[in-house]
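Chemist: First the structure, which I've put down as structure tokens, then a few questions once you've had a look.
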Amino acid sequence: MSDLRMLLGQGPGPRHAFLPSLNPDSLAETLVAFANGEGGTVVLGVDPSGIQGERLVDEEVEGALRAALAQCRPPMRTEWQQEETHSGPVVLLRVDRSSELHILADGRALVRQGGENRPLNPAELEMLVGNRSIGEFESEELTGSTRDDLEEDVIDEYLEKRQQRNPHGSLLPKNRLLQQIGAISASGTPTISGMLLFGKEPQLFLPHSRAVFVKFDDNQTAFRKGERTKIAEADSSVEFLLPGAEPGSFGYGRREEINGPLARIVERGWRVIWEEMDKKAVVKGLQREDQTEYPPFAVREALVNAVCHRDYRLRGSSIEIHMRPDSLEIISPGGLPAYITIDNIVDEHYSRNPRLVNGLYQWGYIEELGLGVDRMIEDMVAAGHPPPLFDAKSHRFAVTLQNRKDLEKIIPEWEQHMNERQLKAMQYVQAHGSISNRDYRQLCSHVGAETLRLDLVDLVNKKLLLKIGDKRGTRYILR
């Protein structure tokens with residue numbers, strides 16, 4: 001009953017509702033509100049104070065749920081489980097955030113606010129529709145464009161990278177492959193995804209597909225979320241005015257507009273960020289190594305995610321990159337897609353723009369699908385920074401990397417690439433000067449000898465340990 005106790009402790013809220021009796025109408029309203037919001041759990045058969053309501057019978061619960069779903073357009077997927085209490089059974093009915101807009105049979109669209117369901121006004125409904133399923137938006141023909149508006153060199157580069165990633169894949173004629181991946185239509189007209197990936201000048205057709213980089217001066221830190229005055233997207237002479245700034249003065253040290261197809265936006269965006277990041281050179285052995293203000297992978301992942309997951313239907317906003325003395329913020333137009341929330345962003349994956357995602361994956365800008373966010377977090381923490389901050393609104397999503405390095409929390413590089421057994425071995429060597437196979441078996445008595453031998457071989461290959469001696473006299477010391 002731990003789930004029920006937790007829900008009773010929290011009471012009704014944006015993601016929890018209590019229905020003491022089986023009322024299909026109330027249930028349908030709540031299901032729609034949760035599906036249009038962040039998802040939630042409906043507790044059937046008990047009120048918020050824990051007092052038992054109508055006694056539940058499985059067949060009646062299933063009937064009420066069917067009747068409720070029949071009122072939802074379209075129906076949503078639900079899961080339910082039964083918990084026994086001293087007063088009788090209680091049903092926990094779970095509905096996830098949906099990738100589609102849901103309405104009731106009478107035409108009402110509801111959303112959860114606090115502990116209640118309320119109807120959406122027209123403006124809210126339009127915003128919600130904008131952040132729901134995009135259908136075949138990527139595959140729509142781009143009116144006014146022709147095949148000549150695609151850049152052959154960019155297409156050839158993509159094809160070469162694709163072949164390197166899939167050396168055994170079939171080789172198709174160029175236009176046939178472009179049609180297969182949805183870059184051009186059957187008539188040869190570029191689609192939206194085709195223009196974004198391969199266009200000579202995509203911003204002529206989709207001006208909002210650019211990115212804007214802004215670096216703020218060291219002494220100008222007042223420009224924060226909530227204090228921003230105006231960004232005139234259509235005006236390249238836009239100024240970011242700070243409170244107290246004189247008219248005509250700039251609130252930033254550098255501003256760059258980044259244009260071109262998406263691969264070039266990623267490359268040029270990364271280049272500008274790299275130029276502006278603080279760096280220091282460290283000599284390790286005979287090798288010079290640059291240590292950057294932020295872990296490179298974390299920066300690139302945040303940038304690539306903004307480029308491939310933003311909502312390109314929102315034509316009034318571009319990707320924004322804000323660099324301040326203490327943070328790097330990358331803002332992507334459009335809220336989180338489908339069922340993705342701040343709570344499940346590490347574990348769940350959903351592509352608003354699957355063709356763009358696949359294109360950048362084949363290009364090599366996405367190394368392995370679905371593993372970027374957790375590694376971004378790991379790299380930031382390993383470098384001594386706080387984890388990235390994720391901020392989701394209905395119209396925007398922002399990732400903020402904070403430059404607040406705690407030297408005591410930096411994880412040594414050698415600790416970042418080994419298992420717990422190997423960590424024990426390294427600690428043992430540091431304490432005793434060396435370790436033998438026998439010592440290691442005593443440290444990890446529950447693990448097979450061959451596994452432990454391979455652990456030590458791996459540490460030697462990583463140039464962390466040096467093997468000395470032979471056979472029973474073999475020992476390992478720090479390299």
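Note on naming: chains are A, B, ... as they come in the structure tokens, residues start from 1 per chain, ligands start from 1 in the order shown.
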Can you pull out every residue from segment 275-464 of chain A that DSSP, working from the backbone, puts in helix (DSSP H, G or I), and format the result as a count of residues only?

Modeler: 76

Chemist: Have a look at A:Ser26, A:Thr400, A:Gln362, A:Asn461 and name the one nearest to Arg324 of chain A; count only C-alpha atoms.

Modeler: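 For Arg324 of chain A, the nearest of the given residues is A:Thr400.
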
Chemist: Figure out the distance between atom CA of Thr146 of chain A and atom CA of Gln203 of chain A, please, to one decimal in Å.

Modeler: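 Taking atom CA of Gln203 of chain A and atom CA of Thr146 of chain A, their separation equals 14.7 Å.
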
Chemist: When you count only C-alpha atoms, which of these residues is closest to Ser318 of chain A: A:Pro207, A:Gly269, A:Gly11, A:Pro20?

Modeler: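 Selected residue with least distance to Ser318 of chain A: A:Pro207.
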
Chemist: Could you tell me which of A:Ser445, A:Asn259, A:Gln71, A:Ser139 comes closest to Arg108 of chain A if we count only C-alpha atoms?

Modeler: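 Counting only C-alpha atoms, the residue closest to Arg108 of chain A is A:Gln71.
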